[in-house]
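Shown here: data38.txt, compact mmCIF, C-alpha atoms and all ligand atoms.
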# COMPACT_ATOMS: atom_id res chain seq x y z
CA MET P 1 11.39 -22.13 14.68
CA GLU P 2 11.69 -22.00 18.42
CA ARG P 3 13.43 -18.71 19.14
CA ILE P 4 12.26 -15.95 16.84
CA LEU P 5 13.56 -12.39 16.40
CA VAL P 6 11.33 -9.81 14.70
CA THR P 7 13.09 -6.64 13.50
CA GLY P 8 10.93 -3.62 12.72
CA ALA P 9 8.60 -4.92 15.43
CA VAL P 10 7.16 -1.50 16.28
CA GLY P 11 6.04 -0.87 12.69
CA GLN P 12 2.70 -1.42 11.00
CA ILE P 13 3.22 -5.11 10.18
CA GLY P 14 5.65 -5.90 12.99
CA SER P 15 3.29 -4.89 15.77
CA GLU P 16 0.67 -7.39 14.62
CA LEU P 17 3.14 -10.07 13.57
CA VAL P 18 4.74 -10.10 17.03
CA GLU P 19 1.34 -10.56 18.63
CA ALA P 20 0.47 -13.46 16.29
CA LEU P 21 3.85 -15.17 16.68
CA ARG P 22 3.76 -14.83 20.48
CA LYS P 23 0.34 -16.43 20.52
CA LYS P 24 1.57 -19.28 18.35
CA TYR P 25 5.07 -19.95 19.68
CA GLY P 26 4.89 -18.60 23.24
CA ASN P 27 5.54 -15.04 24.49
CA GLU P 28 9.09 -15.70 25.72
CA ASN P 29 10.14 -17.22 22.40
CA VAL P 30 9.47 -14.14 20.29
CA VAL P 31 11.90 -11.24 20.71
CA ALA P 32 10.56 -7.95 19.37
CA ALA P 33 13.18 -5.46 18.22
CA GLY P 34 12.66 -1.82 17.35
CA HIS P 35 15.02 0.99 16.46
CA LYS P 36 14.05 4.28 18.09
CA THR P 37 10.28 4.28 18.44
CA LYS P 38 9.15 3.14 21.86
CA PRO P 39 7.14 -0.09 21.91
CA THR P 40 3.61 -0.15 23.24
CA GLU P 41 3.07 -1.26 26.81
CA GLU P 42 1.50 -4.44 25.45
CA MET P 43 4.54 -5.33 23.31
CA ARG P 44 7.02 -4.56 26.09
CA THR P 45 5.21 -6.47 28.80
CA SER P 46 4.03 -9.50 26.81
CA GLY P 47 7.56 -10.72 25.94
CA PRO P 48 11.20 -9.68 25.38
CA PHE P 49 11.92 -6.34 23.69
CA GLU P 50 15.27 -4.95 22.52
CA PHE P 51 16.47 -1.90 20.62
CA ILE P 52 18.71 -2.66 17.64
CA ASP P 53 20.16 -0.79 14.69
CA VAL P 54 20.13 -3.10 11.66
CA THR P 55 22.92 -1.11 9.99
CA SER P 56 25.23 -2.31 12.79
CA ARG P 57 25.94 -6.03 12.63
CA GLU P 58 27.15 -6.08 16.26
CA SER P 59 23.86 -4.64 17.42
CA ILE P 60 21.86 -7.49 15.79
CA GLU P 61 24.41 -10.11 16.82
CA ARG P 62 24.15 -9.16 20.49
CA VAL P 63 20.44 -9.97 20.48
CA VAL P 64 20.80 -13.15 18.37
CA LYS P 65 23.37 -14.47 20.87
CA LYS P 66 21.54 -13.32 24.00
CA TYR P 67 18.32 -15.16 23.07
CA ASN P 68 19.80 -18.02 21.07
CA ILE P 69 17.72 -16.99 18.03
CA ASP P 70 17.12 -19.54 15.25
CA THR P 71 14.65 -17.64 13.03
CA ILE P 72 14.47 -13.98 11.99
CA TYR P 73 11.51 -12.13 10.54
CA HIS P 74 13.36 -9.13 9.16
CA LEU P 75 10.85 -6.31 8.78
CA ALA P 76 13.00 -3.26 9.50
CA ALA P 77 12.90 -1.10 6.37
CA ILE P 78 12.25 2.38 5.07
CA LEU P 79 9.22 2.54 2.77
CA SER P 80 8.79 4.09 -0.67
CA ALA P 81 7.85 7.73 0.01
CA ILE P 82 10.48 8.37 2.72
CA GLY P 83 12.85 6.34 0.54
CA GLU P 84 12.66 9.06 -2.11
CA GLU P 85 13.33 11.77 0.47
CA LYS P 86 16.26 9.88 1.97
CA PRO P 87 17.68 7.48 -0.65
CA GLN P 88 21.12 7.11 1.01
CA LEU P 89 19.62 6.23 4.38
CA THR P 90 17.23 3.82 2.61
CA PHE P 91 20.18 2.09 0.96
CA ARG P 92 21.89 1.65 4.32
CA VAL P 93 18.86 0.43 6.24
CA ASN P 94 17.29 -1.73 3.52
CA ILE P 95 20.34 -3.16 1.74
CA ILE P 96 23.18 -3.08 4.30
CA GLY P 97 20.64 -4.02 7.00
CA LEU P 98 19.55 -7.07 5.02
CA TYR P 99 23.16 -8.00 4.21
CA ASN P 100 23.93 -7.95 7.95
CA ILE P 101 20.96 -10.26 8.61
CA LEU P 102 22.10 -12.67 5.88
CA GLU P 103 25.66 -12.82 7.21
CA ILE P 104 24.37 -13.39 10.74
CA GLY P 105 22.15 -16.13 9.27
CA LEU P 106 25.28 -17.90 8.01
CA LYS P 107 27.42 -17.28 11.10
CA TYR P 108 24.81 -18.55 13.55
CA LYS P 109 23.42 -21.22 11.18
CA LEU P 110 19.92 -19.84 11.48
CA GLU P 111 17.10 -22.15 10.53
CA ARG P 112 15.12 -19.58 8.54
CA ILE P 113 15.00 -15.92 7.52
CA MET P 114 11.70 -14.33 6.46
CA VAL P 115 11.83 -10.98 4.64
CA PRO P 116 8.87 -9.18 3.12
CA SER P 117 9.35 -7.85 -0.36
CA SER P 118 6.85 -5.58 -2.10
CA ILE P 119 4.99 -4.67 -5.26
CA ALA P 120 7.59 -1.88 -5.36
CA VAL P 121 9.99 -4.34 -7.09
CA PHE P 122 8.00 -3.65 -10.26
CA GLY P 123 8.45 -0.56 -12.39
CA PRO P 124 7.00 1.38 -15.31
CA GLN P 125 8.03 -1.29 -17.84
CA THR P 126 6.33 -4.13 -15.94
CA PRO P 127 2.91 -5.29 -17.23
CA LYS P 128 0.32 -3.49 -15.07
CA GLU P 129 -2.54 -5.97 -15.00
CA ASN P 130 -2.26 -9.37 -13.36
CA THR P 131 1.50 -8.89 -13.13
CA PRO P 132 3.22 -12.29 -13.24
CA ASN P 133 5.65 -13.55 -10.61
CA GLU P 134 8.42 -13.68 -13.21
CA THR P 135 8.54 -10.37 -15.05
CA ILE P 136 10.57 -7.19 -15.61
CA LEU P 137 12.00 -5.88 -12.32
CA ARG P 138 13.23 -2.37 -13.05
CA PRO P 139 11.84 -0.20 -10.25
CA THR P 140 12.35 3.56 -10.26
CA THR P 141 12.37 4.09 -6.46
CA MET P 142 15.22 3.43 -4.02
CA TYR P 143 12.76 1.34 -1.97
CA GLY P 144 12.04 -0.81 -5.04
CA VAL P 145 15.73 -1.10 -5.88
CA SER P 146 16.43 -2.23 -2.30
CA LYS P 147 13.65 -4.83 -2.44
CA VAL P 148 14.88 -6.29 -5.77
CA ALA P 149 18.39 -6.44 -4.28
CA GLY P 150 16.96 -8.17 -1.20
CA GLU P 151 15.14 -10.79 -3.27
CA LEU P 152 18.22 -11.52 -5.38
CA LEU P 153 20.50 -11.70 -2.35
CA GLY P 154 18.06 -13.99 -0.56
CA ASP P 155 17.92 -16.37 -3.51
CA TYR P 156 21.71 -16.22 -3.85
CA TYR P 157 22.28 -17.12 -0.17
CA TYR P 158 19.81 -19.98 -0.51
CA ARG P 159 21.45 -21.44 -3.62
CA ARG P 160 25.04 -20.78 -2.62
CA PHE P 161 24.94 -21.43 1.13
CA GLY P 162 21.67 -23.29 1.73
CA LEU P 163 20.29 -20.49 3.95
CA ASP P 164 16.51 -20.94 4.11
CA PHE P 165 15.37 -17.48 3.02
CA ARG P 166 11.71 -16.85 2.17
CA GLY P 167 9.69 -13.79 1.25
CA VAL P 168 6.43 -12.47 -0.11
CA ARG P 169 5.81 -9.41 -2.27
CA TYR P 170 3.23 -7.60 -0.21
CA PRO P 171 0.81 -5.15 -1.78
CA GLY P 172 -0.30 -2.09 0.25
CA ILE P 173 -1.32 -3.27 3.72
CA ILE P 174 -4.41 -1.93 5.47
CA SER P 175 -4.61 -2.27 9.24
CA SER P 176 -6.35 -0.86 12.30
CA LYS P 177 -3.72 -1.34 15.02
CA THR P 178 -0.61 0.63 13.99
CA LEU P 179 -0.38 3.34 11.34
CA PRO P 180 1.94 2.74 8.39
CA GLY P 181 4.79 5.21 8.01
CA GLY P 182 6.24 6.70 4.87
CA GLY P 183 4.68 4.53 2.17
CA THR P 184 2.74 5.32 -0.99
CA THR P 185 -0.21 3.13 -0.05
CA ASP P 186 -0.66 4.76 3.40
CA TYR P 187 -3.72 6.68 2.17
CA ALA P 188 -5.76 3.48 2.31
CA VAL P 189 -5.33 3.47 6.12
CA GLU P 190 -5.48 7.25 6.79
CA ILE P 191 -8.74 7.56 4.86
CA PHE P 192 -10.53 5.38 7.44
CA TYR P 193 -9.39 7.47 10.43
CA GLU P 194 -10.44 10.70 8.69
CA ALA P 195 -13.75 9.24 7.50
CA ILE P 196 -14.64 8.30 11.06
CA LYS P 197 -13.27 11.42 12.79
CA LYS P 198 -13.92 14.21 10.27
CA LYS P 199 -16.12 12.71 7.54
CA LYS P 200 -13.71 14.08 4.96
CA TYR P 201 -10.26 13.27 3.58
CA LYS P 202 -7.79 14.81 1.16
CA CYS P 203 -6.22 12.00 -0.82
CA TYR P 204 -2.70 12.44 -2.24
CA LEU P 205 -3.38 10.04 -5.12
CA ARG P 206 -5.66 10.47 -8.13
CA LYS P 207 -9.12 9.01 -7.74
CA ASP P 208 -8.49 6.38 -10.43
CA SER P 209 -5.10 5.28 -9.10
CA THR P 210 -5.70 1.55 -8.71
CA LEU P 211 -3.23 -0.44 -6.59
CA PRO P 212 -3.09 -3.97 -5.15
CA MET P 213 -3.96 -4.04 -1.44
CA MET P 214 -4.41 -6.54 1.41
CA TYR P 215 -5.96 -6.55 4.87
CA MET P 216 -3.58 -7.19 7.75
CA PRO P 217 -5.04 -10.53 8.97
CA ASP P 218 -4.31 -12.00 5.52
CA ALA P 219 -0.83 -10.46 5.45
CA ILE P 220 0.09 -11.99 8.83
CA ARG P 221 -1.38 -15.40 8.05
CA GLY P 222 0.34 -15.38 4.65
CA ILE P 223 3.88 -14.85 5.91
CA ILE P 224 3.47 -17.36 8.77
CA GLU P 225 2.06 -19.96 6.36
CA LEU P 226 5.00 -19.46 4.02
CA ALA P 227 7.42 -19.80 6.97
CA GLU P 228 5.81 -23.11 7.87
CA ALA P 229 5.51 -24.49 4.33
CA ASP P 230 7.45 -27.64 3.49
CA ILE P 231 10.55 -26.51 1.62
CA LYS P 232 10.18 -29.46 -0.75
CA ASN P 233 7.13 -27.76 -2.27
CA LEU P 234 8.79 -24.39 -2.81
CA LYS P 235 10.07 -23.55 -6.27
CA HIS P 236 10.40 -19.86 -5.43
CA HIS P 237 11.93 -18.54 -2.24
CA SER P 238 12.30 -14.79 -1.83
CA ASP P 239 9.69 -13.42 -4.21
CA TYR P 240 6.13 -14.74 -3.99
CA ASN P 241 3.55 -12.35 -5.44
CA LEU P 242 0.68 -12.09 -2.94
CA ALA P 243 -2.67 -10.65 -3.96
CA ALA P 244 -5.98 -10.06 -2.21
CA MET P 245 -7.84 -7.07 -3.70
CA SER P 246 -7.22 -4.08 -5.97
CA PHE P 247 -9.02 -0.76 -5.77
CA SER P 248 -8.69 2.95 -6.52
CA PRO P 249 -9.22 5.73 -3.95
CA GLU P 250 -12.59 6.41 -5.56
CA GLU P 251 -13.70 2.78 -5.21
CA LEU P 252 -12.58 2.73 -1.57
CA THR P 253 -14.44 6.01 -0.95
CA LYS P 254 -17.65 4.50 -2.36
CA GLU P 255 -17.29 1.45 -0.15
CA ILE P 256 -16.76 3.64 2.95
CA GLN P 257 -19.80 5.74 1.96
CA ARG P 258 -21.97 2.62 2.17
CA ILE P 259 -21.32 2.74 5.93
CA ILE P 260 -20.60 6.48 6.41
CA PRO P 261 -22.80 8.18 3.74
CA GLU P 262 -21.70 11.74 4.69
CA PHE P 263 -18.05 10.94 3.94
CA LYS P 264 -16.42 13.07 1.21
CA CYS P 265 -13.04 12.60 -0.40
CA GLU P 266 -11.04 15.23 -2.32
CA TYR P 267 -8.09 14.38 -4.52
CA LYS P 268 -4.86 16.36 -4.60
CA PRO P 269 -2.06 14.23 -6.03
CA ASP P 270 1.48 14.92 -4.76
CA SER P 271 4.87 13.34 -5.48
CA ARG P 272 3.63 9.95 -4.32
CA GLN P 273 1.44 9.77 -7.44
CA GLU P 274 4.51 9.17 -9.57
CA ILE P 275 5.48 6.22 -7.37
CA ALA P 276 1.96 4.77 -7.54
CA ASP P 277 1.97 5.16 -11.34
CA SER P 278 5.07 3.00 -11.57
CA TRP P 279 3.44 0.06 -9.75
CA PRO P 280 1.00 -2.61 -11.03
CA LYS P 281 -2.75 -2.38 -10.65
CA SER P 282 -3.22 -6.07 -9.91
CA ILE P 283 -0.90 -9.03 -9.45
CA ASP P 284 -1.00 -12.73 -10.21
CA ASP P 285 -0.28 -14.82 -7.13
CA SER P 286 -0.72 -18.29 -8.63
CA ALA P 287 2.82 -19.39 -7.61
CA ALA P 288 1.98 -18.78 -3.91
CA ARG P 289 -1.38 -20.51 -4.35
CA GLU P 290 0.14 -23.56 -6.02
CA GLU P 291 3.32 -23.97 -3.98
CA TRP P 292 2.06 -23.36 -0.42
CA GLY P 293 -1.70 -22.97 -0.63
CA TRP P 294 -2.03 -19.18 -0.28
CA LYS P 295 -5.59 -17.85 -0.34
CA PRO P 296 -6.78 -14.43 0.87
CA GLU P 297 -9.90 -14.15 3.02
CA TYR P 298 -10.74 -10.45 2.88
CA ASN P 299 -12.03 -8.44 -0.09
CA LEU P 300 -12.75 -4.71 -0.34
CA GLN P 301 -16.20 -5.04 1.22
CA SER P 302 -15.33 -7.28 4.17
CA MET P 303 -12.10 -5.33 4.88
CA THR P 304 -13.94 -1.97 4.89
CA LYS P 305 -16.62 -3.24 7.25
CA ASP P 306 -14.09 -4.69 9.68
CA MET P 307 -11.81 -1.61 9.55
CA ILE P 308 -14.65 0.77 10.37
CA GLN P 309 -15.88 -1.39 13.21
CA LYS P 310 -12.39 -1.78 14.73
CA LEU P 311 -11.48 1.91 14.33
CA ARG P 312 -14.80 3.11 15.77
CA GLU P 313 -14.09 1.03 18.89
CA LYS P 314 -10.52 2.37 19.05
CA ILE P 315 -11.34 6.04 18.37
CA PHE P 316 -14.41 6.34 20.58
CA LYS P 317 -13.05 4.26 23.45
CA GLY P 318 -12.32 6.63 26.31
CA PHE P 319 -14.65 9.39 25.06
N1 LIG P 401 3.22 -0.13 1.23
C1 LIG P 401 4.54 0.07 0.67
C2 LIG P 401 4.75 1.47 0.30
O1 LIG P 401 3.78 2.13 0.00
C3 LIG P 401 4.71 -0.80 -0.54
O2 LIG P 401 5.36 -1.96 -0.18
O3 LIG P 401 5.85 1.92 0.27

Take the structure in this file and express it as structure tokens.
Amino acid sequence: MERILVTGAVGQIGSELVEALRKKYGNENVVAAGHKTKPTEEMRTSGPFEFIDVTSRESIERVVKKYNIDTIYHLAAILSAIGEEKPQLTFRVNIIGLYNILEIGLKYKLERIMVPSSIAVFGPQTPKENTPNETILRPTTMYGVSKVAGELLGDYYYRRFGLDFRGVRYPGIISSKTLPGGGTTDYAVEIFYEAIKKKKYKCYLRKDSTLPMMYMPDAIRGIIELAEADIKNLKHHSDYNLAAMSFSPEELTKEIQRIIPEFKCEYKPDSRQEIADSWPKSIDDSAAREEWGWKPEYNLQSMTKDMIQKLREKIFKGF
């Protein structure tokens, strides 16, 4: 892993992953790639940046050749809520985009391809509590369908062609740097901004809608640790369940109120509720723990404290 390309670099996870990878492997060795959204000044000036369209193989290939890439973190994807508004586009970006990455992986004999999967691979028939790694994968969203397809394709390319493909099933990710876009778990980030700025928030999920969640520092460390794990220890490849905490909007509200007592949350479920209802409440990540030593550091309390501190600095800076 000497020359890394990160697709979806301008997104919620990408923006922090690029920073972490540049720190670890050197700024010049990590190429950040976005689609249309402009990168931040920091991302553009700290190392190489390119625009690519993952639905066009030539567009990815140009960058792989130009920088002599040997590893791809493929993050470019459309999330669950937008996925239901635009299922055809989601198919193209998430499935054709991944297929292009896999074929480029073979053509250029890439050393490794990392692709996040999601709790969205599960569906209404999956056990909801402590969902096992191996279970029923019959999602009801296009995003979930695309992630199951991605996992299966990744495992197929590993077995059939020896392409080193690895992935984690992320829960909802909470972060202070870049806002998520178009997901069902986005409320768990928005709520912090509104709590700090307006002391009130209208949540689009029911107050008892429990979902698995994770704080960004754990998410970044997790995927880098998996990328660096000795392949001899890996029995899974594309589909590691990854857990950290589970909470409902009401439980998160209570935790925020410990720091911002005036904060009030109202609940007005919309179409995203149906997506949330199809996902597990908590997941079993023992395969990741056993095979490559995964362990989360943040829980609901420590994440909430850190989020509020970081966002207060960010929001009030410049006032
Ligand atoms: N956070 C994602 C979403 O809500 C789940 O992977 O779509």

Rows by chain and residue number, region 121-203 of chain P within 10 Å of region 297-305 of chain P, shortest pair, all atoms listed in the file, as a tab-separated table:
residue	atom	partner	partner_atom	distance
P:Ile174	CA	P:Met303	CA	8.4
P:Ser175	CA	P:Met303	CA	9.2
P:Phe192	CA	P:Thr304	CA	8.5

So that all listed atoms of ligand LIG 401 (chain P) fit with 3 Å spare on each side, what axis-aligned box centre and edge lengths in Å, to one decimal, would you give as JSON?
{"center_x": 4.5, "center_y": 0.1, "center_z": 0.3, "size_x": 8.6, "size_y": 10.1, "size_z": 7.8}

Please identify all polymer residues within 9 Å of Gly222 (chain P), counting all atoms listed in the file, omitting same-chain residues fewer than 6 positions from it, and present them as a PyMOL selection string.
chain P and resi 168+242+294-296

Could you turn the residues from that selection into a file that holds C-alpha atoms, as a CSV table (one decimal), keeping the file's coordinate frame?
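The resulting result_1.csv:
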chain,number,residue,atom,x,y,z
P,168,VAL,CA,6.4,-12.5,-0.1
P,242,LEU,CA,0.7,-12.1,-2.9
P,294,TRP,CA,-2.0,-19.2,-0.3
P,295,LYS,CA,-5.6,-17.8,-0.3
P,296,PRO,CA,-6.8,-14.4,0.9

If you count only C-alpha atoms, which residues fall within 10 Å of region 127-144 of chain P, apart from same-chain ones fewer than 2 positions away, as a ChimeraX atom specification?
/P:77-91,94-95,117-125,146-150,169,183,211-212,236,239-243,274-275,277-288

My list of candidates is P:Glu111, P:Glu16, P:Asp53, P:Asp186. Which is closest to ligand LIG 401 (chain P) when distances are computed with all atoms listed in the file?
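For ligand LIG 401 (chain P), the nearest of the given residues is P:Asp186.
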
Mind writing region 40-58 of chain P to a file for me, with N, CA, C and O atoms, as a short mmCIF file (atom, residue, chain, number, x, y, z; two decimals), in the first residue's frame?
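Output file out.cif follows:
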data_model
loop_
_atom_site.label_atom_id
_atom_site.label_comp_id
_atom_site.auth_asym_id
_atom_site.auth_seq_id
_atom_site.Cartn_x
_atom_site.Cartn_y
_atom_site.Cartn_z
N THR P 40 -12.41 20.61 -0.09
CA THR P 40 -12.02 21.72 0.78
C THR P 40 -10.60 22.15 0.38
O THR P 40 -9.84 21.39 -0.22
N GLU P 41 -10.28 23.35 0.78
CA GLU P 41 -8.94 23.91 0.56
C GLU P 41 -7.88 22.96 1.14
O GLU P 41 -6.87 22.66 0.50
N GLU P 42 -8.19 22.46 2.32
CA GLU P 42 -7.25 21.56 3.02
C GLU P 42 -6.98 20.29 2.20
O GLU P 42 -5.84 19.88 2.02
N MET P 43 -8.06 19.69 1.67
CA MET P 43 -7.89 18.45 0.90
C MET P 43 -7.12 18.72 -0.40
O MET P 43 -6.25 17.96 -0.80
N ARG P 44 -7.43 19.82 -1.05
CA ARG P 44 -6.82 20.15 -2.34
C ARG P 44 -5.35 20.52 -2.21
O ARG P 44 -4.53 20.20 -3.07
N THR P 45 -5.01 21.17 -1.10
CA THR P 45 -3.62 21.65 -0.98
C THR P 45 -2.72 20.66 -0.25
O THR P 45 -1.51 20.75 -0.34
N SER P 46 -3.32 19.70 0.48
CA SER P 46 -2.45 18.80 1.26
C SER P 46 -1.97 17.60 0.44
O SER P 46 -1.12 16.83 0.89
N GLY P 47 -2.49 17.41 -0.79
CA GLY P 47 -2.06 16.28 -1.61
C GLY P 47 -2.82 16.29 -2.92
O GLY P 47 -3.64 17.17 -3.16
N PRO P 48 -2.60 15.26 -3.78
CA PRO P 48 -3.25 15.26 -5.09
C PRO P 48 -4.77 15.11 -5.00
O PRO P 48 -5.27 14.35 -4.16
N PHE P 49 -5.48 15.83 -5.89
CA PHE P 49 -6.94 15.71 -5.97
C PHE P 49 -7.34 15.61 -7.43
O PHE P 49 -6.81 16.31 -8.29
N GLU P 50 -8.29 14.72 -7.72
CA GLU P 50 -8.79 14.54 -9.10
C GLU P 50 -10.30 14.40 -9.07
O GLU P 50 -10.86 13.89 -8.09
N PHE P 51 -10.94 14.81 -10.16
CA PHE P 51 -12.37 14.51 -10.32
C PHE P 51 -12.52 13.25 -11.14
O PHE P 51 -11.86 13.12 -12.19
N ILE P 52 -13.33 12.29 -10.66
CA ILE P 52 -13.62 11.12 -11.49
C ILE P 52 -15.11 10.79 -11.43
O ILE P 52 -15.81 11.19 -10.50
N ASP P 53 -15.55 10.03 -12.41
CA ASP P 53 -16.92 9.54 -12.43
C ASP P 53 -16.80 8.01 -12.40
O ASP P 53 -16.33 7.40 -13.37
N VAL P 54 -17.21 7.40 -11.29
CA VAL P 54 -16.96 5.95 -11.15
C VAL P 54 -17.78 5.11 -12.13
O VAL P 54 -17.49 3.94 -12.33
N THR P 55 -18.82 5.72 -12.75
CA THR P 55 -19.58 4.95 -13.73
C THR P 55 -18.84 4.87 -15.07
O THR P 55 -19.25 4.16 -15.96
N SER P 56 -17.76 5.62 -15.19
CA SER P 56 -16.95 5.57 -16.42
C SER P 56 -15.59 4.94 -16.08
O SER P 56 -14.80 5.50 -15.33
N ARG P 57 -15.35 3.75 -16.65
CA ARG P 57 -14.11 3.05 -16.32
C ARG P 57 -12.89 3.86 -16.75
O ARG P 57 -11.88 3.91 -16.05
N GLU P 58 -13.00 4.53 -17.92
CA GLU P 58 -11.86 5.31 -18.42
C GLU P 58 -11.48 6.40 -17.42
O GLU P 58 -10.31 6.71 -17.22
#
